[in-house]
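Here is the file final.pdb (PDB, C-alpha atoms and all ligand atoms).
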```
ATOM      1  CA  MET A   1     -17.189  -1.874 -11.814
ATOM      2  CA  THR A   2     -14.100  -0.920 -13.732
ATOM      3  CA  ASN A   3     -12.546  -3.736 -15.659
ATOM      4  CA  ARG A   4      -8.990  -4.002 -14.506
ATOM      5  CA  SER A   5      -7.680  -6.689 -16.804
ATOM      6  CA  GLY A   6      -4.592  -5.282 -18.444
ATOM      7  CA  ALA A   7      -4.675  -2.385 -15.979
ATOM      8  CA  PRO A   8      -1.299  -0.812 -15.349
ATOM      9  CA  VAL A   9       0.755  -0.510 -12.220
ATOM     10  CA  VAL A  10       0.809   3.272 -11.670
ATOM     11  CA  VAL A  11       3.565   5.133  -9.862
ATOM     12  CA  GLY A  12       3.341   8.766  -8.754
ATOM     13  CA  VAL A  13       6.538  10.780  -9.018
ATOM     14  CA  ASP A  14       7.430  14.266  -7.843
ATOM     15  CA  GLY A  15      11.183  14.418  -8.398
ATOM     16  CA  SER A  16      12.030  13.233  -4.867
ATOM     17  CA  ALA A  17      14.410  10.407  -3.960
ATOM     18  CA  SER A  18      11.507   8.649  -2.246
ATOM     19  CA  ALA A  19       9.491   8.676  -5.482
ATOM     20  CA  LEU A  20      12.429   7.029  -7.255
ATOM     21  CA  ASP A  21      12.366   4.283  -4.605
ATOM     22  CA  ALA A  22       8.693   3.926  -5.548
ATOM     23  CA  VAL A  23       9.605   3.699  -9.250
ATOM     24  CA  ARG A  24      11.976   0.809  -8.584
ATOM     25  CA  ALA A  25       9.367  -1.045  -6.521
ATOM     26  CA  ALA A  26       6.653  -0.318  -9.107
ATOM     27  CA  THR A  27       8.874  -1.631 -11.911
ATOM     28  CA  ARG A  28       9.366  -4.905 -10.028
ATOM     29  CA  GLU A  29       5.615  -5.158  -9.430
ATOM     30  CA  ALA A  30       4.777  -4.466 -13.085
ATOM     31  CA  THR A  31       7.336  -6.989 -14.294
ATOM     32  CA  ALA A  32       6.224  -9.704 -11.869
ATOM     33  CA  ARG A  33       2.550  -9.068 -12.651
ATOM     34  CA  ASN A  34       3.196  -8.813 -16.377
ATOM     35  CA  ARG A  35       1.486  -5.433 -16.551
ATOM     36  CA  PRO A  36       2.447  -2.119 -18.097
ATOM     37  CA  LEU A  37       3.951   0.557 -15.866
ATOM     38  CA  ARG A  38       2.498   4.055 -15.969
ATOM     39  CA  VAL A  39       4.513   6.923 -14.485
ATOM     40  CA  VAL A  40       2.434   9.952 -13.516
ATOM     41  CA  HIS A  41       3.460  13.385 -12.364
ATOM     42  CA  ALA A  42       0.689  15.722 -11.261
ATOM     43  CA  PHE A  43       1.459  19.295 -12.042
ATOM     44  CA  ILE A  44      -0.443  22.443 -11.273
ATOM     45  CA  TRP A  45       0.120  25.030 -13.906
ATOM     46  CA  PRO A  46       0.970  28.178 -12.045
ATOM     47  CA  LEU A  47      -1.288  31.132 -12.675
ATOM     48  CA  ILE A  48       1.505  33.598 -12.213
ATOM     49  CA  GLY A  49       3.591  34.761 -15.135
ATOM     50  CA  THR A  50       6.258  32.069 -14.899
ATOM     51  CA  PRO A  51       7.322  30.875 -18.320
ATOM     52  CA  LEU A  52       5.937  27.409 -18.925
ATOM     53  CA  GLY A  53       7.682  26.529 -22.116
ATOM     54  CA  PRO A  54      11.201  27.104 -23.346
ATOM     55  CA  VAL A  55      12.206  30.708 -22.990
ATOM     56  CA  PRO A  56      13.858  32.253 -26.046
ATOM     57  CA  GLY A  57      17.475  32.983 -25.381
ATOM     58  CA  VAL A  58      17.525  31.094 -22.050
ATOM     59  CA  GLY A  59      18.022  27.634 -23.446
ATOM     60  CA  PRO A  60      15.692  24.699 -23.909
ATOM     61  CA  GLU A  61      15.856  23.565 -20.268
ATOM     62  CA  ALA A  62      14.152  26.667 -18.920
ATOM     63  CA  GLY A  63      10.472  26.689 -18.017
ATOM     64  CA  LEU A  64       8.444  24.698 -15.528
ATOM     65  CA  ARG A  65       6.976  22.413 -18.116
ATOM     66  CA  ASN A  66      10.421  21.202 -19.045
ATOM     67  CA  LEU A  67      11.300  20.635 -15.385
ATOM     68  CA  ALA A  68       8.125  18.605 -14.893
ATOM     69  CA  GLU A  69       8.896  16.591 -18.004
ATOM     70  CA  ASP A  70      12.379  15.937 -16.655
ATOM     71  CA  VAL A  71      10.787  14.422 -13.543
ATOM     72  CA  ILE A  72       8.926  11.949 -15.751
ATOM     73  CA  ALA A  73      11.915  11.245 -17.991
ATOM     74  CA  GLU A  74      14.130  10.528 -14.985
ATOM     75  CA  ALA A  75      11.555   8.086 -13.588
ATOM     76  CA  VAL A  76      11.056   6.320 -16.933
ATOM     77  CA  ALA A  77      14.830   5.952 -17.301
ATOM     78  CA  GLU A  78      15.070   4.527 -13.769
ATOM     79  CA  ALA A  79      12.362   1.964 -14.589
ATOM     80  CA  ARG A  80      14.217   0.880 -17.737
ATOM     81  CA  LYS A  81      17.403   0.536 -15.714
ATOM     82  CA  ILE A  82      15.635  -1.915 -13.371
ATOM     83  CA  SER A  83      13.938  -3.913 -16.110
ATOM     84  CA  ALA A  84      14.776  -3.928 -19.797
ATOM     85  CA  GLU A  85      11.476  -5.564 -20.728
ATOM     86  CA  VAL A  86       9.081  -3.337 -18.758
ATOM     87  CA  ASP A  87       6.456  -1.614 -20.912
ATOM     88  CA  VAL A  88       6.681   1.891 -19.424
ATOM     89  CA  THR A  89       5.000   5.160 -20.335
ATOM     90  CA  GLY A  90       5.049   8.508 -18.558
ATOM     91  CA  GLU A  91       2.452  11.243 -18.423
ATOM     92  CA  LEU A  92       2.332  14.755 -17.068
ATOM     93  CA  VAL A  93      -1.205  15.222 -15.744
ATOM     94  CA  ASP A  94      -2.631  18.651 -14.940
ATOM     95  CA  GLY A  95      -3.917  18.987 -11.399
ATOM     96  CA  SER A  96      -2.909  18.639  -7.779
ATOM     97  CA  PRO A  97      -1.391  15.350  -6.670
ATOM     98  CA  ILE A  98      -4.185  13.952  -4.475
ATOM     99  CA  PRO A  99      -7.096  14.218  -6.961
ATOM    100  CA  VAL A 100      -4.862  13.202  -9.861
ATOM    101  CA  LEU A 101      -3.589  10.093  -8.067
ATOM    102  CA  LEU A 102      -7.093   9.178  -6.859
ATOM    103  CA  ARG A 103      -8.356   9.370 -10.431
ATOM    104  CA  GLU A 104      -5.460   7.130 -11.538
ATOM    105  CA  SER A 105      -6.397   4.561  -8.883
ATOM    106  CA  ARG A 106      -9.703   3.870 -10.629
ATOM    107  CA  ASP A 107      -8.037   2.179 -13.569
ATOM    108  CA  ALA A 108      -4.891   0.879 -11.900
ATOM    109  CA  ALA A 109      -4.100  -2.639 -10.745
ATOM    110  CA  LEU A 110      -1.849  -1.123  -8.074
ATOM    111  CA  LEU A 111      -0.737   2.391  -7.185
ATOM    112  CA  VAL A 112       2.805   2.852  -5.860
ATOM    113  CA  LEU A 113       3.941   5.935  -3.934
ATOM    114  CA  GLY A 114       6.981   7.027  -1.997
ATOM    115  CA  SER A 115       6.450   7.534   1.737
ATOM    116  CA  ARG A 116       7.780  11.066   1.398
ATOM    117  CA  GLY A 117       7.939  13.646  -1.328
ATOM    118  CA  LEU A 118       9.494  16.970  -2.026
ATOM    119  CA  GLY A 119       7.239  19.049   0.189
ATOM    120  CA  GLY A 120       5.763  18.609   3.622
ATOM    121  CA  PHE A 121       7.300  18.914   7.050
ATOM    122  CA  ALA A 122      10.544  17.120   7.780
ATOM    123  CA  GLU A 123       8.970  15.707  10.963
ATOM    124  CA  LEU A 124       6.303  13.805   9.056
ATOM    125  CA  LEU A 125       6.969  10.105   8.689
ATOM    126  CA  VAL A 126       4.672   9.876   5.698
ATOM    127  CA  GLY A 127       3.748  12.738   3.377
ATOM    128  CA  SER A 128       0.236  14.076   3.110
ATOM    129  CA  ALA A 129      -0.372  12.939  -0.465
ATOM    130  CA  ALA A 130       0.650   9.404   0.484
ATOM    131  CA  VAL A 131      -1.672   9.407   3.528
ATOM    132  CA  GLN A 132      -4.668  10.880   1.708
ATOM    133  CA  VAL A 133      -4.321   8.690  -1.354
ATOM    134  CA  SER A 134      -3.855   5.433   0.543
ATOM    135  CA  ALA A 135      -6.967   6.285   2.574
ATOM    136  CA  ARG A 136      -9.168   6.856  -0.465
ATOM    137  CA  ALA A 137      -7.775   4.993  -3.467
ATOM    138  CA  ASP A 138      -9.867   2.559  -5.487
ATOM    139  CA  CYS A 139      -7.040   0.047  -5.807
ATOM    140  CA  PRO A 140      -4.406  -1.290  -3.431
ATOM    141  CA  VAL A 141      -1.717   1.288  -2.627
ATOM    142  CA  LEU A 142       1.895   0.356  -1.989
ATOM    143  CA  VAL A 143       3.781   2.940   0.070
ATOM    144  CA  VAL A 144       7.520   2.467  -0.304
ATOM    145  CA  ARG A 145      10.117   3.602   2.189
ATOM    146  CA  GLY A 146      13.753   3.345   1.174
ATOM    147  CA  GLU A 147      15.311   0.341  -0.486
ATOM    148  CA  PRO A 148      13.297  -2.684   0.687
ATOM    149  CA  ARG A 149      14.883  -5.921   1.857
ATOM    150  CA  ALA A 150      14.701  -8.687  -0.713
ATOM    151  CA  ASP A 151      14.363 -11.484   1.855
ATOM    152  CA  GLY A 152      11.827 -12.071   4.574
ATOM    153  CA  PRO A 153       8.168 -13.004   4.369
ATOM    154  CA  VAL A 154       5.098 -11.028   3.437
ATOM    155  CA  VAL A 155       3.309 -10.126   6.681
ATOM    156  CA  VAL A 156      -0.441  -9.534   6.730
ATOM    157  CA  GLY A 157      -2.629  -8.259   9.543
ATOM    158  CA  VAL A 158      -5.858 -10.220   9.999
ATOM    159  CA  ASP A 159      -8.807  -9.004  12.069
ATOM    160  CA  GLY A 160     -11.612 -11.098  10.642
ATOM    161  CA  SER A 161     -13.248  -8.219   8.738
ATOM    162  CA  ALA A 162     -14.168  -8.488   5.066
ATOM    163  CA  LEU A 163     -11.433  -6.053   4.145
ATOM    164  CA  SER A 164      -8.784  -7.936   6.008
ATOM    165  CA  THR A 165      -9.814 -11.011   4.011
ATOM    166  CA  GLU A 166      -9.168  -8.959   0.870
ATOM    167  CA  ALA A 167      -5.832  -7.933   2.324
ATOM    168  CA  VAL A 168      -4.989 -11.597   2.936
ATOM    169  CA  GLY A 169      -5.766 -12.355  -0.735
ATOM    170  CA  PHE A 170      -3.491  -9.551  -1.871
ATOM    171  CA  ALA A 171      -0.761 -10.738   0.511
ATOM    172  CA  PHE A 172      -0.966 -14.302  -0.856
ATOM    173  CA  GLU A 173      -0.680 -12.961  -4.400
ATOM    174  CA  GLU A 174       2.391 -10.914  -3.434
ATOM    175  CA  ALA A 175       4.015 -13.830  -1.614
ATOM    176  CA  ALA A 176       3.441 -16.051  -4.671
ATOM    177  CA  LEU A 177       4.903 -13.420  -7.035
ATOM    178  CA  ARG A 178       7.895 -12.937  -4.762
ATOM    179  CA  GLY A 179       8.399 -16.657  -4.138
ATOM    180  CA  THR A 180       8.326 -16.202  -0.383
ATOM    181  CA  GLY A 181       6.223 -17.233   2.591
ATOM    182  CA  LEU A 182       3.340 -15.497   4.305
ATOM    183  CA  VAL A 183       2.937 -14.682   7.978
ATOM    184  CA  ALA A 184      -0.697 -14.048   8.920
ATOM    185  CA  VAL A 185      -0.803 -12.133  12.204
ATOM    186  CA  HIS A 186      -3.869 -11.818  14.386
ATOM    187  CA  THR A 187      -3.681 -10.039  17.704
ATOM    188  CA  TRP A 188      -6.156 -10.240  20.509
ATOM    189  CA  LEU A 189      -6.688  -8.371  23.737
ATOM    190  CA  TYR A 190      -9.669 -10.178  25.181
ATOM    191  CA  PRO A 191     -10.990  -9.974  27.694
ATOM    192  CA  ALA A 192     -10.581  -6.283  27.978
ATOM    193  CA  PRO A 193     -12.946  -3.438  28.723
ATOM    194  CA  VAL A 194     -14.131  -1.880  25.482
ATOM    195  CA  GLY A 195     -15.727   1.197  26.992
ATOM    196  CA  PRO A 196     -15.761   3.257  30.139
ATOM    197  CA  GLY A 197     -17.546   1.491  32.957
ATOM    198  CA  ASP A 198     -17.345  -1.935  31.347
ATOM    199  CA  ILE A 199     -17.188  -4.729  33.843
ATOM    200  CA  LEU A 200     -15.121  -7.756  32.990
ATOM    201  CA  PRO A 201     -16.518 -11.193  33.661
ATOM    202  CA  MET A 202     -15.256 -12.511  36.953
ATOM    203  CA  ALA A 203     -14.065 -15.646  35.327
ATOM    204  CA  TYR A 204     -13.433 -16.541  31.760
ATOM    205  CA  ASP A 205     -12.049 -19.496  29.961
ATOM    206  CA  LEU A 206      -8.802 -18.293  28.447
ATOM    207  CA  ASP A 207      -8.150 -21.517  26.564
ATOM    208  CA  SER A 208     -11.447 -21.436  24.753
ATOM    209  CA  LEU A 209     -10.929 -17.739  23.901
ATOM    210  CA  ILE A 210      -7.577 -18.527  22.351
ATOM    211  CA  GLU A 211      -9.067 -21.473  20.486
ATOM    212  CA  GLU A 212     -11.763 -19.225  19.110
ATOM    213  CA  GLU A 213      -9.242 -16.642  17.893
ATOM    214  CA  GLU A 214      -7.123 -19.383  16.347
ATOM    215  CA  ARG A 215     -10.110 -20.783  14.530
ATOM    216  CA  ALA A 216     -11.062 -17.353  13.149
ATOM    217  CA  LEU A 217      -7.526 -16.792  11.877
ATOM    218  CA  ALA A 218      -7.355 -20.241  10.288
ATOM    219  CA  GLU A 219     -10.707 -19.678   8.575
ATOM    220  CA  THR A 220      -9.591 -16.392   7.040
ATOM    221  CA  VAL A 221      -6.420 -17.964   5.698
ATOM    222  CA  ALA A 222      -7.814 -21.312   4.549
ATOM    223  CA  GLY A 223      -9.613 -20.283   1.350
ATOM    224  CA  TRP A 224      -6.694 -18.282   0.025
ATOM    225  CA  SER A 225      -4.223 -20.951   1.008
ATOM    226  CA  GLU A 226      -6.060 -23.387  -1.258
ATOM    227  CA  ARG A 227      -5.689 -20.929  -4.118
ATOM    228  CA  TYR A 228      -1.977 -20.426  -3.490
ATOM    229  CA  PRO A 229      -0.798 -23.868  -2.342
ATOM    230  CA  GLN A 230       2.799 -22.972  -3.196
ATOM    231  CA  VAL A 231       2.918 -20.259  -0.506
ATOM    232  CA  PRO A 232       4.023 -21.511   2.906
ATOM    233  CA  VAL A 233       1.895 -19.890   5.612
ATOM    234  CA  ARG A 234       2.628 -19.278   9.252
ATOM    235  CA  GLN A 235      -0.222 -18.203  11.494
ATOM    236  CA  ARG A 236       0.718 -16.027  14.429
ATOM    237  CA  LEU A 237      -1.721 -15.343  17.226
ATOM    238  CA  VAL A 238      -0.221 -12.622  19.418
ATOM    239  CA  ARG A 239      -1.671 -11.107  22.549
ATOM    240  CA  GLY A 240      -1.270  -7.371  22.261
ATOM    241  CA  ALA A 241      -2.500  -4.263  20.491
ATOM    242  CA  PRO A 242      -2.542  -4.713  16.697
ATOM    243  CA  ALA A 243      -0.532  -1.681  15.549
ATOM    244  CA  PRO A 244       2.600  -2.199  17.688
ATOM    245  CA  VAL A 245       2.591  -5.932  16.966
ATOM    246  CA  LEU A 246       2.326  -5.372  13.204
ATOM    247  CA  VAL A 247       5.041  -2.705  13.295
ATOM    248  CA  GLU A 248       7.314  -5.138  15.104
ATOM    249  CA  GLU A 249       6.544  -7.937  12.638
ATOM    250  CA  SER A 250       7.169  -5.565   9.713
ATOM    251  CA  ALA A 251      10.833  -5.207  10.684
ATOM    252  CA  ALA A 252      11.642  -8.657   9.286
ATOM    253  CA  ALA A 253       9.205  -8.491   6.367
ATOM    254  CA  GLN A 254       9.852  -7.636   2.746
ATOM    255  CA  LEU A 255       6.273  -6.349   2.560
ATOM    256  CA  THR A 256       3.532  -5.698   5.106
ATOM    257  CA  VAL A 257      -0.134  -5.716   4.094
ATOM    258  CA  VAL A 258      -3.171  -4.300   5.934
ATOM    259  CA  GLY A 259      -6.758  -3.519   5.039
ATOM    260  CA  GLY A 260      -7.739   0.140   4.847
ATOM    261  CA  HIS A 261      -9.949  -0.229   7.865
ATOM    262  CA  GLY A 262     -11.004  -3.033  10.095
ATOM    263  CA  ARG A 263     -13.762  -4.264  12.316
ATOM    264  CA  GLY A 264     -13.739  -1.106  14.380
ATOM    265  CA  ALA A 265     -14.113   1.376  11.532
ATOM    266  CA  TRP A 266     -16.382   4.284  12.301
ATOM    267  CA  GLY A 267     -18.482   5.572   9.465
ATOM    268  CA  GLY A 268     -16.560   8.395   7.847
ATOM    269  CA  LEU A 269     -13.202   7.249   9.080
ATOM    270  CA  LEU A 270     -11.300   6.675   5.867
ATOM    271  CA  LEU A 271      -8.321   4.894   7.278
ATOM    272  CA  GLY A 272      -8.714   2.714  10.350
ATOM    273  CA  SER A 273      -6.586   3.535  13.374
ATOM    274  CA  VAL A 274      -4.439   0.429  12.976
ATOM    275  CA  SER A 275      -3.899   1.039   9.254
ATOM    276  CA  HIS A 276      -3.063   4.654  10.037
ATOM    277  CA  ALA A 277      -0.521   3.787  12.729
ATOM    278  CA  VAL A 278       1.088   1.050  10.631
ATOM    279  CA  LEU A 279       1.266   3.370   7.607
ATOM    280  CA  HIS A 280       3.323   5.802   9.653
ATOM    281  CA  HIS A 281       5.512   3.354  11.508
ATOM    282  CA  ALA A 282       5.934   0.216   9.373
ATOM    283  CA  ARG A 283       9.534  -0.756   8.849
ATOM    284  CA  SER A 284       8.925  -2.291   5.429
ATOM    285  CA  PRO A 285       6.996  -1.173   2.360
ATOM    286  CA  LEU A 286       3.307  -1.204   3.241
ATOM    287  CA  ALA A 287       0.378  -2.180   1.043
ATOM    288  CA  ILE A 288      -3.031  -0.842   2.040
ATOM    289  CA  VAL A 289      -5.904  -2.780   0.514
ATOM    290  CA  ARG A 290      -9.164  -0.891   0.500
ATOM    291  CA  HIS A 291     -11.475  -2.208  -2.143
ATOM    292  CA  ARG A 292     -12.283  -5.563  -3.513
ATOM    293  CA  ARG A 293     -10.415  -5.771  -6.729
ATOM    294  CA  ASP A 294     -12.279  -7.156  -9.714
ATOM    295  CA  ALA A 295     -12.494 -10.905  -9.745
ATOM    296  CA  ASP A 296     -11.071 -10.819 -13.244
ATOM    297  CA  HIS A 297      -7.740  -9.174 -12.724
ATOM    298  CA  GLY A 298      -5.499 -11.605 -14.599
TER     299      GLY A 298
HETATM  300  N1  LIG B   1       2.882  15.967  -7.845
HETATM  301  C1  LIG B   1       2.895  14.646  -7.694
HETATM  302  N2  LIG B   1       2.634  13.836  -8.748
HETATM  303  C2  LIG B   1       2.658  12.498  -8.624
HETATM  304  N3  LIG B   1       2.969  11.871  -7.494
HETATM  305  C3  LIG B   1       3.245  12.612  -6.397
HETATM  306  C4  LIG B   1       3.201  14.031  -6.434
HETATM  307  N4  LIG B   1       3.484  14.488  -5.190
HETATM  308  C5  LIG B   1       3.709  13.405  -4.417
HETATM  309  N5  LIG B   1       3.564  12.259  -5.128
HETATM  310  C6  LIG B   1       3.756  10.878  -4.667
HETATM  311  O1  LIG B   1       3.463  10.797  -3.275
HETATM  312  C7  LIG B   1       4.622  10.411  -2.547
HETATM  313  C8  LIG B   1       4.603  11.101  -1.193
HETATM  314  O2  LIG B   1       4.666  12.498  -1.377
HETATM  315  P1  LIG B   1       3.934  13.504  -0.403
HETATM  316  O3  LIG B   1       2.845  12.786   0.297
HETATM  317  O4  LIG B   1       3.608  14.727  -1.188
HETATM  318  O5  LIG B   1       5.078  13.791   0.657
HETATM  319  P2  LIG B   1       5.593  15.214   1.205
HETATM  320  O6  LIG B   1       4.504  15.734   2.053
HETATM  321  O7  LIG B   1       6.842  14.840   1.932
HETATM  322  O8  LIG B   1       5.830  16.039  -0.023
HETATM  323  C9  LIG B   1       5.788  10.762  -3.453
HETATM  324  O9  LIG B   1       6.953  10.002  -3.172
HETATM  325  C10 LIG B   1       5.195  10.432  -4.803
HETATM  326  O10 LIG B   1       5.197   9.031  -5.001
HETATM  327 MG    MG B   2       4.437  16.549  -1.611
END
```
Reformat the file's structure so that it appears as structure tokens.
Ligand SMILES: Nc1ncnc2c1ncn2[C@@H]1O[C@H](COP(=O)(O)OP(=O)(O)O)[C@@H](O)[C@H]1O
Ligand SMILES: [Mg+2]
Amino acid sequence: MTNRSGAPVVVGVDGSASALDAVRAATREATARNRPLRVVHAFIWPLIGTPLGPVPGVGPEAGLRNLAEDVIAEAVAEARKISAEVDVTGELVDGSPIPVLLRESRDAALLVLGSRGLGGFAELLVGSAAVQVSARADCPVLVVRGEPRADGPVVVGVDGSALSTEAVGFAFEEAALRGTGLVAVHTWLYPAPVGPGDILPMAYDLDSLIEEEERALAETVAGWSERYPQVPVRQRLVRGAPAPVLVEESAAAQLTVVGGHGRGAWGGLLLGSVSHAVLHHARSPLAIVRHRRDADHG
């Protein structure tokens, strides 16, 4: 397992306004976590005869390499504007964005991306690099959309799976760093048919079902709550489908956190259906927690 102590917060930039939103969020994360900030721009060197370096007689700004370096310089300057003390470095990395960012995630404490970039279709709510990377990264990924609200709780979706427990841990850490409270949301739909032809029991004890769900939620939260006693926690048991409930809760949140997949994950499905829906529709920045981070991450 990679040792992540001293690992940087990494932000991917592509020259878009959304990536600059990500830079501001990443700078706050790096400062709060007391970690270095690493700005990365993935750049595919074109194979056609476009001049890469400065072109004689055209001025020093010409050439794609210089444009790509400007993207980094702009992001580094933005980070320094947000925080004078942040330890920030920028690097132009050869390659296409998805593999480059996935490689970065191996050694990062956190990877921060904008929800949109320069390319893609205007109709997309979240760009393809952001979707692919948050589905496959080796560290938590924070997808930023616009300027986030500074108030409101951290909201986390809980489904009782191992990954959602990881997500709860990450959410507690974020709430502690931000000095805010945590809302742990668990939705339930029982009893409901889970497949075609399912027959519901004629009678069921609704109260004991609710009690059971409440107990499961409390159990997931309890261990982390002991570790972060300063974080006030509210447990919300909501009857409904998870994605719409989480999207609604995200509207008042300063950050929403989900696991990369849940109890219902099919083999091969990289991002669970709830994570996928919330990634596209969340109304706050969204953190997707996929892998257990190293125990030693301080
Ligand atoms: N070439 C790149 N290098 C580094 N990060 C990138 C690159 N392209 C995109 N990103 C990151 O991913 C985010 C989302 O971009 P992307 O998924 O490509 O959206 P779109 O499809 O709208 O271009 C960007 O805001 C940026 O953080
Ligand atoms: Mg793009």
Do you know which residues are within 7 Å of ligand MG 2 (chain B) using all atoms listed in the file? Can you write them as a short mmCIF file (atom, residue, chain, number, x, y, z; two decimals) with C-alpha atoms, in the frame of the given file?
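Final output, saved to out_4.cif:
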```
data_model
loop_
_atom_site.label_atom_id
_atom_site.label_comp_id
_atom_site.auth_asym_id
_atom_site.auth_seq_id
_atom_site.Cartn_x
_atom_site.Cartn_y
_atom_site.Cartn_z
CA GLY A 117 7.94 13.65 -1.33
CA LEU A 118 9.49 16.97 -2.03
CA GLY A 119 7.24 19.05 0.19
CA GLY A 120 5.76 18.61 3.62
CA GLY A 127 3.75 12.74 3.38
CA SER A 128 0.24 14.08 3.11
CA ALA A 129 -0.37 12.94 -0.46
#
```
Is it possible to get the axis-aligned box enclosing ligand LIG 1 (chain B) (all listed atoms, 6 Å extra per side) as JSON, with centre and edge lengths in Å rounded to one decimal?
```
{"center_x": 4.8, "center_y": 12.5, "center_z": -3.3, "size_x": 16.3, "size_y": 19.0, "size_z": 22.8}
```
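Across the model, the gap from atom CA of A:Ile288 to atom CA of A:Pro140 is 5.7 Å.
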Q. From the set A:Leu67, A:Ala243, A:Leu255, A:Val10, which residue has the shortest atom-to-atom contact distance to A:Leu101, counting all atoms listed in the file?
A. A:Val10
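Among the candidates A:Val88, A:Ala75, A:Leu163, A:Ala7, the residue lying nearest to A:Arg106 is A:Ala7 (atoms considered: all atoms listed in the file).
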Give me, as a tab-separated table, each residue of stretch 61-175 of chain A that comes within 12 Å of stretch 223-229 of chain A, together with its shortest interatomic pair and the distance in Å at one decimal, counting only C-alpha atoms, with rows ordered by chain and rising residue number.
```
residue	atom	partner	partner_atom	distance
A:Thr165	CA	A:Trp224	CA	8.9
A:Glu166	CA	A:Trp224	CA	9.7
A:Ala167	CA	A:Trp224	CA	10.6
A:Val168	CA	A:Trp224	CA	7.5
A:Gly169	CA	A:Trp224	CA	6.0
A:Phe170	CA	A:Trp224	CA	9.5
A:Ala171	CA	A:Trp224	CA	9.6
A:Phe172	CA	A:Tyr228	CA	6.7
A:Glu173	CA	A:Tyr228	CA	7.6
A:Glu174	CA	A:Tyr228	CA	10.5
A:Ala175	CA	A:Tyr228	CA	9.1
```
Q: May I ask you to write as a VMD selection string all residues lying at most 9 Å from ligand LIG 1 (chain B), with all atoms listed in the file counted?
A: chain A and resid 11 to 23 39 to 44 92 to 93 95 to 98 100 to 101 112 to 122 124 to 133 143 to 145
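Once the PyMOL selection byres (((chain A and resi 108) around 8) and not hetatm) is applied to this file, the selection holds Arg4, Ala7, Pro8, Val9, Val10, Glu104, Ser105, Arg106, Asp107, Ala109, Leu110, Leu111 and Cys139 of chain A.
Computed from the coordinates, the atom CA of A:Ile72 to atom CA of A:Ala84 distance equals 17.4 Å.
The nearest approach to A:Ala135 among the residues A:Leu270, A:Leu286, A:Val278, A:Ala77, with all atoms listed in the file taken into account, belongs to A:Leu270.
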Q. What is the distance, in Å and to one decimal place, between atom CA of A:Glu212 and atom CA of A:Arg239?
A. 13.4 Å
Q: Scan for residues within 6 Å of the point (3.0, -12.9, 5.4) in the coordinates of the file, using all atoms listed in the file, and reply as a PyMOL selection string.
A: chain A and resi 153-156+182-184
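Shortest separation to A:His281 among A:Ala251, A:Val141, A:Ala150, A:Val231 occurs at residue A:Ala251, atoms counted being only C-alpha atoms.
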Q.
Assuming the chain letters and numbering stay as they are in my file, what does the PyMOL selection byres (((chain A and resi 283) around 6) and not hetatm) actually select? List them as a PyMOL selection string.
A. chain A and resi 250-251+282+284
Q: Find, counting all atoms listed in the file, the residue in A:Gly240, A:Gly6, A:Gly272, A:Gly181 that gets nearest to A:Asp151.
A: A:Gly181
Hey, which bits of stretch 47-128 of chain A sit within 7 Å of stretch 25-29 of chain A, and for each residue what's the closest pair of atoms and how far apart in Å (one decimal), counting all atoms listed in the file, rows by chain and increasing number, as a tab-separated table?
```
residue	atom	partner	partner_atom	distance
A:Ala79	CA	A:Thr27	CA	5.7
A:Ile82	CA	A:Thr27	CA	6.9
A:Ser83	CA	A:Thr27	CA	7.0
A:Val112	CA	A:Ala26	CA	5.9
```
Could you turn the residues from that selection into a file that holds C-alpha atoms, as an mmCIF file, keeping the file's coordinate frame?
```cif
data_model
loop_
_atom_site.group_PDB
_atom_site.id
_atom_site.type_symbol
_atom_site.label_atom_id
_atom_site.label_comp_id
_atom_site.auth_asym_id
_atom_site.auth_seq_id
_atom_site.Cartn_x
_atom_site.Cartn_y
_atom_site.Cartn_z
ATOM 1 C CA ALA A 79 12.362 1.964 -14.589
ATOM 2 C CA ILE A 82 15.635 -1.915 -13.371
ATOM 3 C CA SER A 83 13.938 -3.913 -16.110
ATOM 4 C CA VAL A 112 2.805 2.852 -5.860
#
```
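Every protein or nucleic acid residue with an atom no more than 12 Å from A:Glu85, counting all atoms listed in the file and leaving out same-chain residues fewer than 4 positions away, appears here: Thr27, Arg28, Ala30, Thr31, Ala32, Asn34, Arg35, Pro36, Leu37, Ala79, Arg80 and Lys81 of chain A.
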